[in-house]
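Written below as structure tokens is the structure these notes are about.
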Number of protein chains: 2
Amino acid sequence: MNKTENQETAWQDARDSFIAQWGSIGSAWGINRTMAQIHALLIVASHPLTTDNIMAELKISRGNAHSNLRELISWGLVKSVIRKGERKEYFVAEKEVWKMFCTIARERKRREIDPALEALTHCYEKTKKLKGHEARDFNQQIKSLKNFLELAGNTMEKITALEHNQWLALALKMLKIKNHETHYS
Amino acid sequence: MNKTENQETAWQDARDSFIAQWGSIGSAWGINRTMAQIHALLIVASHPLTTDNIMAELKISRGNAHSNLRELISWGLVKSVIRKGERKEYFVAEKEVWKMFCTIARERKRREIDPALEALTHCYEKTKKLKGHEARDFNQQIKSLKNFLELAGNTMEKITALEHNQWLALALKMLKIKNHETHYS
DNA sequence: TTTAATTTTCATTATTTTCTGAAAATATAG
DNA sequence: CTATATTTTCAGAAAATAATGAAAATTAAA
């Protein structure tokens, strides 16, 4: 085997390991393993891929590929493209990392924070007029959870509305904060 | 039923619905339903609870209560307390929301971001010296993912090291950013 | 020690989630 | 139209995850 072939293999090995690992990381993120793998595959793909390409690469069934692709589309992470003169549907992932992150963050806010806030608001309203020690304590506890999640959610929205370079500037500013500057201030 | 009893019931209903909802929200967060429910129960409990209390309240088995309590302890969200003269173990949750959030955020960084970074670094190192268009593109894509996650992880660490009031100040500052101030700056 | 209370473990069972594959539906070309 | 390519659906199978409950281990009081 000559050097070029070696490099070819090395690259493909790295790619495969990236896809596999991204899959198990997906699990830790509470995301379906296959969905994460398809996403990984599309992120590093140099061309748009068809459902059949994905089935072959990941050795999964059509139904599985199909439903996870739809799920990725519903998250806004993948788009389908149609080439003129061709009947097949092709898929591409957003590759710009900052955009990808914003999409995921907004979706997670929608799925994780918003329903939690709804539940908290409901509990808060139901108990705010009650008397009695325990009811008051409960209501206060719910209120602080609610206040915090509202603030956190709004902050996330602000951040994910930034352009990449604005985010970089903000992050660098935050990293520069020294403890002695913020303590006792 | 008199007014006091009504209020007592209203409070308990709200409490139960909070626990139930927190459980299903937990699922959306990729957290075990029972673990989330035990956590919710402890957050709104006015006293430390025993394993038996928790089993009774949530109608779950001893083994289940036990292992989820241990898991909550390993997250750092719950602590066990022993009362002198008593043999039973009691459990309490951290109730201060900001501390709770910091604990969860650090743990999620450890479980979600750190392993992802490890995988990315591995792929990056394996491919950085390869020639060829596709290998280079791949390496660049991995690099941007890696850079982003590093920055995000470090930022999270900085933020979760803040005191509550510092976080409030920072969040308010971010919320005040107007789009015209940040665009084109 | 012995005894009783309490915690921990773990094989088994139940539940939930994910995947398969083939049939049905839809779309396009000829 | 008819034939063919492609996508979508979904019942059932497989895999993964969570829960039960009883037995074993641990702890501490008597």
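Residue numbering restarts at 1 for every chain of the structure tokens, chains are lettered A, B, ... in their displayed order, and ligands are numbered from 1 as they appear.
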> Could you write out, as an MDAnalysis selection string, all the residues of stretch 28-144 of chain B that DSSP marks as strand (DSSP E)?
Replying inline: chainID B and resid 49:50 78:82 89:93
>> Quick one: residues within 12 Å of stretch 92-95 of chain A, only C-alpha atoms (C1' of nucleotides), excluding same-chain residues fewer than 5 positions away - as a VMD selection string?
In response: (chain A and resid 36 38 to 51 54 69 72 to 73 75 to 82 100 to 104) or (chain B and resid 137 to 138 140 to 142 144 to 145)
Any chance you could export the current selection's C-alpha atoms as a PDB file, in the first residue's frame?
```
ATOM      1  CA  ALA A  36     -26.590  12.013  15.962  1.00  0.00           C
ATOM      2  CA  ILE A  38     -26.629  10.863  10.564  1.00  0.00           C
ATOM      3  CA  HIS A  39     -25.971  14.418  11.612  1.00  0.00           C
ATOM      4  CA  ALA A  40     -22.253  13.694  12.019  1.00  0.00           C
ATOM      5  CA  LEU A  41     -22.139  12.011   8.631  1.00  0.00           C
ATOM      6  CA  LEU A  42     -23.766  14.980   6.950  1.00  0.00           C
ATOM      7  CA  ILE A  43     -21.555  17.481   8.754  1.00  0.00           C
ATOM      8  CA  VAL A  44     -18.405  15.932   7.327  1.00  0.00           C
ATOM      9  CA  ALA A  45     -19.849  14.926   3.970  1.00  0.00           C
ATOM     10  CA  SER A  46     -18.403  16.801   1.035  1.00  0.00           C
ATOM     11  CA  HIS A  47     -21.529  16.281  -1.067  1.00  0.00           C
ATOM     12  CA  PRO A  48     -25.239  16.107  -0.387  1.00  0.00           C
ATOM     13  CA  LEU A  49     -26.260  12.526   0.402  1.00  0.00           C
ATOM     14  CA  THR A  50     -29.331  10.498  -0.427  1.00  0.00           C
ATOM     15  CA  THR A  51     -31.280   8.304   1.944  1.00  0.00           C
ATOM     16  CA  ILE A  54     -26.951   7.121   4.497  1.00  0.00           C
ATOM     17  CA  LEU A  69     -33.706  12.595   8.705  1.00  0.00           C
ATOM     18  CA  LEU A  72     -33.106  16.447  11.912  1.00  0.00           C
ATOM     19  CA  ILE A  73     -35.047  18.583   9.467  1.00  0.00           C
ATOM     20  CA  TRP A  75     -34.736  20.561  14.384  1.00  0.00           C
ATOM     21  CA  GLY A  76     -33.544  22.750  11.529  1.00  0.00           C
ATOM     22  CA  LEU A  77     -30.139  21.078  11.399  1.00  0.00           C
ATOM     23  CA  VAL A  78     -30.533  19.467   7.995  1.00  0.00           C
ATOM     24  CA  LYS A  79     -32.095  20.626   4.762  1.00  0.00           C
ATOM     25  CA  SER A  80     -33.218  18.624   1.792  1.00  0.00           C
ATOM     26  CA  VAL A  81     -32.104  19.731  -1.642  1.00  0.00           C
ATOM     27  CA  ILE A  82     -33.435  18.634  -4.998  1.00  0.00           C
ATOM     28  CA  MET A 100     -25.514  24.933  14.297  1.00  0.00           C
ATOM     29  CA  PHE A 101     -25.139  25.789  17.945  1.00  0.00           C
ATOM     30  CA  CYS A 102     -27.769  28.513  17.774  1.00  0.00           C
ATOM     31  CA  THR A 103     -30.216  26.120  16.175  1.00  0.00           C
ATOM     32  CA  ILE A 104     -29.623  23.483  18.816  1.00  0.00           C
TER      33      ILE A 104
ATOM     34  CA  ASP B 137     -11.824  19.806   4.697  1.00  0.00           C
ATOM     35  CA  PHE B 138     -12.606  17.178   7.275  1.00  0.00           C
ATOM     36  CA  GLN B 140     -10.939  21.958   9.249  1.00  0.00           C
ATOM     37  CA  GLN B 141     -14.514  21.055  10.086  1.00  0.00           C
ATOM     38  CA  ILE B 142     -13.401  19.115  13.139  1.00  0.00           C
ATOM     39  CA  SER B 144     -14.065  24.495  14.139  1.00  0.00           C
ATOM     40  CA  LEU B 145     -16.242  22.159  16.158  1.00  0.00           C
TER      41      LEU B 145
END
```
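If you look at atom C1' of C:DG21 and atom CA of A:Ala65, they are 12.5 Å away from each other.
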> Looking at A:Met35, A:Met156, A:Ala116, A:Ile19, which one is nearest to chain B, with distances taken over only C-alpha atoms?
Replying inline: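 Selected residue with least distance to chain B: A:Ala116.
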>> Using only C-alpha atoms, I'd like every residue of chain A that has an atom within 6 Å of chain B; please write them out as a list in words.
In response: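 Taking only C-alpha atoms into account, Trp11, Ala14, Ala28, Trp29, Gly30, Val44, Glu112, Cys123, Ala135 and Phe138 of chain A sit within 6 Å of chain B.
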>> Can you work out which residues from chain B touch chain D at a cut-off of 10 Å (counting only C-alpha atoms (C1' of nucleotides)) and hand them back as an NGL selection string?
In response: :B and (32-34 or 60-65 or 87)
> What residues in stretch 53-183 of chain B get the DSSP label alpha helix (DSSP H)? Please answer as a PyMOL selection string.
Replying inline: chain B and resi 53-58+62-75+97-108+114-127+133-160+164-176+179-182
>> From the options B:Arg70, B:Arg106, B:Lys84, B:Lys59, which residue's atoms come nearest to chain C, counting only C-alpha atoms (C1' of nucleotides)?
In response: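 Comparing B:Arg70, B:Arg106, B:Lys84, B:Lys59 against chain C, the winner is B:Arg70.
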Between chain C and chain A, at 9 Å or less, what are the per-residue closest atom pairs and their distances in Å? Count only C-alpha atoms (C1' of nucleotides), order by chain and rising residue number, and return it as a Markdown table.
```
| residue | atom | partner | partner_atom | distance |
| --- | --- | --- | --- | --- |
| C:DT18 | C1' | A:Asn32 | CA | 8.4 |
| C:DC19 | C1' | A:Asn64 | CA | 6.2 |
| C:DT20 | C1' | A:Ser61 | CA | 6.1 |
| C:DG21 | C1' | A:Ser61 | CA | 7.7 |
| C:DA27 | C1' | A:Arg87 | CA | 8.8 |
| C:DT28 | C1' | A:Arg87 | CA | 7.5 |
```
